[in-house]
Structures are given as C-alpha cells and as structure tokens.
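Have a look at protein_38.txt below; it lists compact mmCIF, C-alpha atoms and all ligand atoms.
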# COMPACT_ATOMS: atom_id res chain seq x y z
CA MET A 1 -60.05 72.13 24.14
CA ARG A 2 -58.77 68.63 23.47
CA ARG A 3 -60.86 66.04 21.66
CA PHE A 4 -61.77 62.71 23.18
CA THR A 5 -61.49 60.23 20.31
CA GLY A 6 -62.16 56.91 22.05
CA ASP A 7 -65.48 55.09 22.19
CA ARG A 8 -65.38 54.18 25.89
CA LEU A 9 -64.79 56.76 28.62
CA LEU A 10 -63.61 56.06 32.15
CA VAL A 11 -65.90 57.85 34.58
CA ALA A 12 -64.21 58.27 37.96
CA THR A 13 -67.29 57.78 40.10
CA HIS A 14 -68.56 55.11 42.48
CA ASN A 15 -72.10 56.52 42.27
CA ARG A 16 -74.33 54.34 40.10
CA GLY A 17 -76.98 57.03 39.64
CA LYS A 18 -74.46 59.52 38.26
CA LEU A 19 -72.90 56.87 36.05
CA GLU A 20 -76.27 56.00 34.49
CA GLU A 21 -77.06 59.65 33.80
CA ILE A 22 -73.63 60.25 32.25
CA ALA A 23 -74.00 57.08 30.15
CA HIS A 24 -77.27 58.43 28.75
CA LEU A 25 -75.75 61.84 28.06
CA LEU A 26 -72.88 60.22 26.12
CA GLU A 27 -74.94 57.70 24.21
CA PRO A 28 -75.77 60.01 21.26
CA TYR A 29 -72.04 60.59 20.75
CA GLY A 30 -71.32 56.88 20.39
CA VAL A 31 -69.35 56.81 23.65
CA SER A 32 -70.01 54.20 26.32
CA VAL A 33 -68.82 54.43 29.92
CA VAL A 34 -66.92 52.32 32.37
CA GLY A 35 -67.16 53.25 36.05
CA ALA A 36 -64.33 53.36 38.58
CA ALA A 37 -66.07 50.70 40.66
CA GLU A 38 -66.14 48.26 37.71
CA LEU A 39 -62.36 48.64 37.40
CA ASN A 40 -61.94 48.16 41.16
CA LEU A 41 -60.30 51.56 41.45
CA PRO A 42 -60.11 52.85 45.02
CA GLU A 43 -62.40 55.68 46.09
CA PRO A 44 -60.03 58.57 46.83
CA GLU A 45 -60.61 60.79 49.85
CA GLU A 46 -62.29 64.05 48.89
CA THR A 47 -60.23 66.38 51.04
CA GLU A 48 -60.81 69.70 49.23
CA ASP A 49 -63.51 72.19 50.18
CA THR A 50 -64.56 73.02 46.62
CA PHE A 51 -66.36 70.98 43.95
CA VAL A 52 -63.57 71.58 41.46
CA GLY A 53 -60.92 70.56 43.99
CA ASN A 54 -62.62 67.26 44.74
CA ALA A 55 -63.45 66.57 41.09
CA ARG A 56 -59.75 67.06 40.29
CA ILE A 57 -58.72 64.58 43.00
CA LYS A 58 -61.07 61.91 41.60
CA ALA A 59 -60.31 62.51 37.91
CA HIS A 60 -56.52 62.60 38.29
CA ALA A 61 -56.44 59.58 40.62
CA ALA A 62 -58.28 57.50 38.00
CA ALA A 63 -56.22 58.84 35.07
CA ARG A 64 -53.00 58.12 36.95
CA ALA A 65 -54.05 54.62 37.96
CA THR A 66 -55.09 53.59 34.45
CA GLY A 67 -53.19 55.77 31.97
CA LEU A 68 -56.56 56.68 30.45
CA PRO A 69 -58.47 59.98 30.23
CA ALA A 70 -60.94 60.11 33.12
CA LEU A 71 -64.05 62.15 33.78
CA ALA A 72 -65.03 62.96 37.38
CA ASP A 73 -68.23 64.57 38.64
CA ASP A 74 -68.34 66.41 41.93
CA SER A 75 -71.76 67.73 42.74
CA GLY A 76 -74.08 68.72 45.52
CA LEU A 77 -77.11 70.58 46.78
CA SER A 78 -76.81 74.15 48.09
CA VAL A 79 -79.74 75.45 50.12
CA ASP A 80 -79.92 79.24 50.34
CA ALA A 81 -81.50 79.46 53.82
CA LEU A 82 -78.77 77.12 55.13
CA GLY A 83 -75.96 79.36 53.90
CA GLY A 84 -75.28 77.04 50.94
CA ASP A 85 -75.16 73.82 52.99
CA PRO A 86 -74.74 70.93 52.49
CA GLY A 87 -72.83 72.02 49.36
CA VAL A 88 -69.52 70.20 49.04
CA TYR A 89 -70.62 68.06 52.03
CA THR A 90 -73.82 66.77 50.41
CA ALA A 91 -72.61 63.15 50.37
CA ASP A 92 -71.27 63.45 53.93
CA TRP A 93 -74.71 64.39 55.27
CA ALA A 94 -75.94 60.96 54.14
CA GLU A 95 -73.06 59.02 55.74
CA THR A 96 -74.11 56.63 58.49
CA GLY A 97 -70.81 54.87 59.17
CA SER A 98 -72.07 51.79 57.31
CA GLY A 99 -73.16 53.30 53.99
CA ARG A 100 -75.36 56.21 52.90
CA ASP A 101 -78.91 56.93 53.95
CA PHE A 102 -80.44 59.61 51.72
CA ALA A 103 -83.83 59.52 53.44
CA MET A 104 -82.01 60.50 56.62
CA ALA A 105 -80.04 63.19 54.78
CA MET A 106 -83.19 64.68 53.26
CA GLU A 107 -84.86 64.72 56.71
CA LYS A 108 -81.83 66.59 57.98
CA VAL A 109 -82.20 69.26 55.29
CA TRP A 110 -85.90 69.61 56.08
CA THR A 111 -85.40 69.70 59.86
CA LYS A 112 -82.76 72.40 59.56
CA LEU A 113 -85.06 74.48 57.36
CA GLU A 114 -87.87 74.10 59.90
CA GLU A 115 -85.54 75.04 62.76
CA ALA A 116 -84.42 78.10 60.82
CA ASN A 117 -88.06 79.01 60.16
CA ALA A 118 -87.07 79.49 56.55
CA PRO A 119 -89.78 81.15 54.44
CA GLU A 120 -91.27 79.45 51.36
CA PRO A 121 -90.11 78.92 48.74
CA ARG A 122 -87.01 77.32 50.17
CA THR A 123 -84.73 78.06 47.28
CA ALA A 124 -81.78 75.82 46.49
CA ARG A 125 -79.62 74.73 43.61
CA PHE A 126 -77.86 71.61 42.47
CA ARG A 127 -74.36 72.19 41.19
CA CYS A 128 -72.14 69.91 39.13
CA THR A 129 -68.47 70.24 38.25
CA PHE A 130 -66.97 67.90 35.69
CA VAL A 131 -63.21 67.51 35.45
CA LEU A 132 -61.81 65.70 32.42
CA ALA A 133 -58.26 64.68 33.29
CA TRP A 134 -55.77 63.54 30.69
CA PRO A 135 -53.07 60.97 31.49
CA ASP A 136 -50.36 63.62 31.05
CA GLY A 137 -51.73 65.52 34.06
CA GLN A 138 -53.65 68.27 32.25
CA ASP A 139 -57.35 68.78 32.84
CA GLU A 140 -60.40 70.77 31.82
CA VAL A 141 -63.30 71.96 33.97
CA PHE A 142 -67.00 72.31 33.06
CA GLU A 143 -69.73 73.51 35.44
CA GLY A 144 -73.50 73.54 35.51
CA GLU A 145 -76.24 74.42 37.98
CA ILE A 146 -80.02 74.29 38.22
CA PRO A 147 -82.08 76.49 40.52
CA GLY A 148 -85.15 75.18 42.30
CA ARG A 149 -86.71 74.68 45.71
CA ILE A 150 -86.77 72.14 48.52
CA VAL A 151 -90.16 70.48 48.89
CA TRP A 152 -91.58 68.26 51.61
CA PRO A 153 -92.62 65.46 51.80
CA MET A 154 -90.35 63.56 49.43
CA ARG A 155 -91.92 62.80 46.06
CA GLY A 156 -90.99 60.24 43.39
CA ASP A 157 -88.95 57.08 43.21
CA GLN A 158 -86.71 57.66 40.19
CA GLY A 159 -83.27 59.25 40.18
CA HIS A 160 -80.94 59.07 43.15
CA GLY A 161 -79.60 60.95 46.14
CA TYR A 162 -81.63 64.03 47.11
CA ASP A 163 -83.86 63.97 43.98
CA PRO A 164 -87.16 63.42 45.91
CA ILE A 165 -86.98 66.84 47.66
CA PHE A 166 -85.71 68.98 44.76
CA GLN A 167 -88.18 70.67 42.43
CA PRO A 168 -86.49 72.60 39.63
CA ASP A 169 -87.80 76.07 38.75
CA GLY A 170 -90.51 75.99 36.10
CA PHE A 171 -91.61 72.40 36.90
CA ASP A 172 -94.24 70.86 39.18
CA LEU A 173 -92.26 67.62 39.38
CA THR A 174 -89.33 66.76 41.60
CA PHE A 175 -86.25 65.28 39.94
CA ALA A 176 -87.36 61.90 41.34
CA GLU A 177 -90.66 62.21 39.45
CA MET A 178 -88.87 62.74 36.11
CA ASP A 179 -87.37 60.06 33.91
CA ARG A 180 -83.64 60.37 33.39
CA TRP A 181 -83.99 61.91 29.93
CA GLU A 182 -86.20 64.69 31.24
CA LYS A 183 -83.88 65.23 34.20
CA ASN A 184 -80.75 65.19 32.03
CA ARG A 185 -82.25 67.80 29.71
CA ILE A 186 -82.35 70.42 32.48
CA SER A 187 -80.18 69.22 35.36
CA HIS A 188 -76.91 70.63 36.72
CA ARG A 189 -75.23 67.54 35.22
CA GLY A 190 -76.93 68.01 31.85
CA ARG A 191 -75.91 71.66 31.80
CA ALA A 192 -72.29 70.91 32.65
CA PHE A 193 -72.40 68.23 29.96
CA GLU A 194 -73.50 70.76 27.32
CA LYS A 195 -70.11 72.44 27.84
CA LEU A 196 -68.14 69.22 28.08
CA VAL A 197 -69.67 67.92 24.87
CA THR A 198 -67.39 69.97 22.65
CA ALA A 199 -64.69 67.46 23.67
CA PHE A 200 -66.77 64.67 22.06
CA ASP A 201 -67.74 66.45 18.84
CA ARG A 202 -66.78 64.14 16.04
O1 LIG B 1 -78.48 64.72 40.43
C1 LIG B 1 -78.48 64.54 41.65
N1 LIG B 1 -79.60 64.18 42.31
C2 LIG B 1 -79.63 63.94 43.61
N2 LIG B 1 -78.55 64.02 44.41
C3 LIG B 1 -77.39 64.39 43.80
C4 LIG B 1 -77.31 64.66 42.43
N3 LIG B 1 -76.05 65.00 42.13
C5 LIG B 1 -75.37 64.94 43.26
N4 LIG B 1 -76.19 64.56 44.28
C6 LIG B 1 -75.81 64.31 45.66
C7 LIG B 1 -75.43 62.86 45.83
C8 LIG B 1 -74.22 62.88 46.69
O2 LIG B 1 -74.63 62.78 48.03
C9 LIG B 1 -73.64 64.27 46.50
C10 LIG B 1 -72.47 64.26 45.57
O3 LIG B 1 -71.30 63.86 46.23
P1 LIG B 1 -70.06 63.40 45.34
O4 LIG B 1 -68.91 63.18 46.20
O5 LIG B 1 -69.93 64.34 44.19
O6 LIG B 1 -70.58 62.03 44.71
P2 LIG B 1 -70.59 60.56 45.30
O7 LIG B 1 -69.76 60.49 46.53
O8 LIG B 1 -71.97 60.11 45.41
O9 LIG B 1 -69.90 59.73 44.15
P3 LIG B 1 -68.39 59.93 43.58
O10 LIG B 1 -67.68 60.89 44.47
O11 LIG B 1 -67.80 58.58 43.57
O12 LIG B 1 -68.57 60.47 42.18
O13 LIG B 1 -74.67 65.07 45.94
MG MG B 2 -67.89 61.30 46.56

Would you encode the structure as structure tokens?
Ligand SMILES: O=c1nc[nH]c2c1ncn2[C@H]1C[C@H](O)[C@@H](COP(=O)(O)OP(=O)(O)OP(=O)(O)O)O1
Ligand SMILES: [Mg+2]
Amino acid sequence: MRRFTGDRLLVATHNRGKLEEIAHLLEPYGVSVVGAAELNLPEPEETEDTFVGNARIKAHAAARATGLPALADDSGLSVDALGGDPGVYTADWAETGSGRDFAMAMEKVWTKLEEANAPEPRTARFRCTFVLAWPDGQDEVFEGEIPGRIVWPMRGDQGHGYDPIFQPDGFDLTFAEMDRWEKNRISHRGRAFEKLVTAFDR
C-alpha cells in the first residue's frame, strides 16, 4: 500500500454528490479534494461491464491527463429481484439524452419491481469501488457495499441519485433522510473509504 502524502487529492468524478461525500470523508485527514469537472477534464466513456473496470478507466484517465494521483469512484444500485440491475448501468438508467433524471430512474426501478411482482422486502445493495491510480500507471482497489431495501414512495431530499428509495438495513430512514455524516458512516462509499484510508494515514 502506497501512502498519499499530498494535502489535495484529485477525484476523477463529475458527480457533485459523490465529490461532497468524499470531501467529508477526507476532511479529518487534512486532505481537500479537487473534482475532475473543476479541472475541465473530459468525462471518459465507461465501456467496461464491471465497477472496477470503469473505476480504472476514470482514475487512469485523470492521472494520465494531470500527472497526479487520482481517485475514481464507480458505484451503483443492485436490486436482487431484478437480477442485480441496474448495477453497473445505474447511471445509464437515469440518462434522458439531455442530462440525468433520477426521479424517472427510481420510477423505473419501482415499475420493474411491480411488474415482477417482487415480494417485500425488496432487497438491494449499493456498491462502491474506489480505484486510486498513480501517475506511473499502478493502482489500488477498495470496495464497499451496504445492504438494504427499495422503498416506495421516495422519501427525503438530501443526498443524491437513488438515495430517496434506498433504506439501509437496521434503519427506518432512507439515505435521502440522513445527513451526509450519518450516510457516510454506514454507506457503501464510507465502507470502501475505511479500506482506502490506510493510504492517508499520516
Ligand atoms: O450514494 C449513492 N446514492 C445514490 N445514488 C448513488 C450513490 N452512489 C452511486 N449512485 C448512483 C448514481 C449514479 O447514477 C450511479 C453511479 O454511476 P457512476 O458512473 O459511478 O457515477 P456518475 O456517472 O454519477 O459520476 P462519475 O462517473 O463521474 O464518477 O449510481
Ligand atoms: Mg459515470
């Protein structure tokens, strides 16, 4: 495991919600973040069919373009009764052609569960894969997941993406009803971060 010794980390994401959560996770380590969008880095095509494959594409593209270490996050929601969908295609389900519509994407999840007559609880998990890529082409992989269930109707206005329909096991709140500290403490991203953090120990 290599150490990250800087005080500002390039996060190879164009997703503001992820960036804010990662910023809060890093704050106690005295590391701030800069997002790929702020540096006007292009959004690479995510052509792999695994989280780790797509996280590698994003992390290495940013590390190559800047000569800096870069952290990418590839994540998604896997619904058991839908055979693990949307999974790696979680962002694609929200694509409208002119941006992303997560209300539409959440309706799609719910409609498919209704069509499948899926019994309650409609179990699901969020998964997160971090890839930390070094400018010399090496990388390290850290994964986390959180089990829960899909609820309907949507609840809460915090968080991002599919948070309003995901209720983690052991909680009565959806991710969108939690503040980001509470979410980070238990989330797929928080859990992957617990492993990544050894790279920031200083
Ligand atoms: O904590 C989460 N709470 C709610 N939804 C979430 C979460 N974590 C991932 N998600 C959803 C958002 C996106 O639709 C997909 C990830 O897709 P993914 O390609 O990894 O991210 P993205 O395209 O939004 O940003 P980017 O690739 O620039 O990092 O899963
Ligand atoms: Mg993406």

Set out as a tab-separated table a contact list for chain A and ligand MG 2 (chain B) with a cut-off of 10 Å, giving each residue of chain A that qualifies its closest atom pair and distance in Å to one decimal, counting only C-alpha atoms and all ligand atoms, ordered by chain and rising residue number.
residue	atom	partner	partner_atom	distance
A:Ala12	CA	B:MG2	MG	9.8
A:Thr13	CA	B:MG2	MG	7.4
A:His14	CA	B:MG2	MG	7.4
A:Asn15	CA	B:MG2	MG	7.7
A:Glu43	CA	B:MG2	MG	7.9
A:Pro44	CA	B:MG2	MG	8.3
A:Glu45	CA	B:MG2	MG	8.0
A:Glu46	CA	B:MG2	MG	6.7
A:Asn54	CA	B:MG2	MG	8.2
A:Ala55	CA	B:MG2	MG	8.8
A:Lys58	CA	B:MG2	MG	8.5
A:Ala72	CA	B:MG2	MG	9.8
A:Asp73	CA	B:MG2	MG	8.6
A:Asp74	CA	B:MG2	MG	6.9
A:Ser75	CA	B:MG2	MG	8.4
A:Gly76	CA	B:MG2	MG	9.7
A:Val88	CA	B:MG2	MG	9.4
A:Tyr89	CA	B:MG2	MG	9.1
A:Thr90	CA	B:MG2	MG	8.9
A:Ala91	CA	B:MG2	MG	6.3
A:Asp92	CA	B:MG2	MG	8.4

Inset, instruction - May I ask which of the residues A:Val52, A:Leu113, A:Leu9, A:Cys128 is the closest one to Glu194 in chain A, counting all atoms listed in the file? - result: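 Answer, going by the shortest atom-to-atom distance: A:Cys128.
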
Legend entry - d(CA of Gly17 in chain A, CA of His160 in chain A) in Å: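 Value for the CA of Gly17 in chain A-CA of His160 in chain A distance: 5.7 Å.
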
Inset, instruction - Identify which of the residues A:Glu120, A:Asp101, A:Asp139, A:Asp172 lies closest to ligand LIG 1 (chain B), counting all atoms listed in the file when measuring atom-to-atom distances. - result: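 Distance minimum relative to ligand LIG 1 (chain B) lands on A:Asp101.
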
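What separates CA of Phe126 in chain A from CA of Phe166 in chain A is a distance of 8.6 Å.
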
Legend entry - Selected residue of minimal separation from Phe130 in chain A among A:Ala192, A:Pro164, A:Gly67, A:Asp169, counting only C-alpha atoms: A:Ala192

Legend entry - Distance query Trp134 in chain A at most 8 Å, all atoms listed in the file, self and fewer than 4 positions along chain excluded, as a count of residues only: 7

Inset, instruction - Could you tell me which of A:Gly53, A:Gly156, A:Gly161, A:Gly6 comes closest to ligand LIG 1 (chain B) if we count only C-alpha atoms and all ligand atoms? - result: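 When distances to ligand LIG 1 (chain B) are compared using only C-alpha atoms and all ligand atoms, the smallest one comes from A:Gly161.
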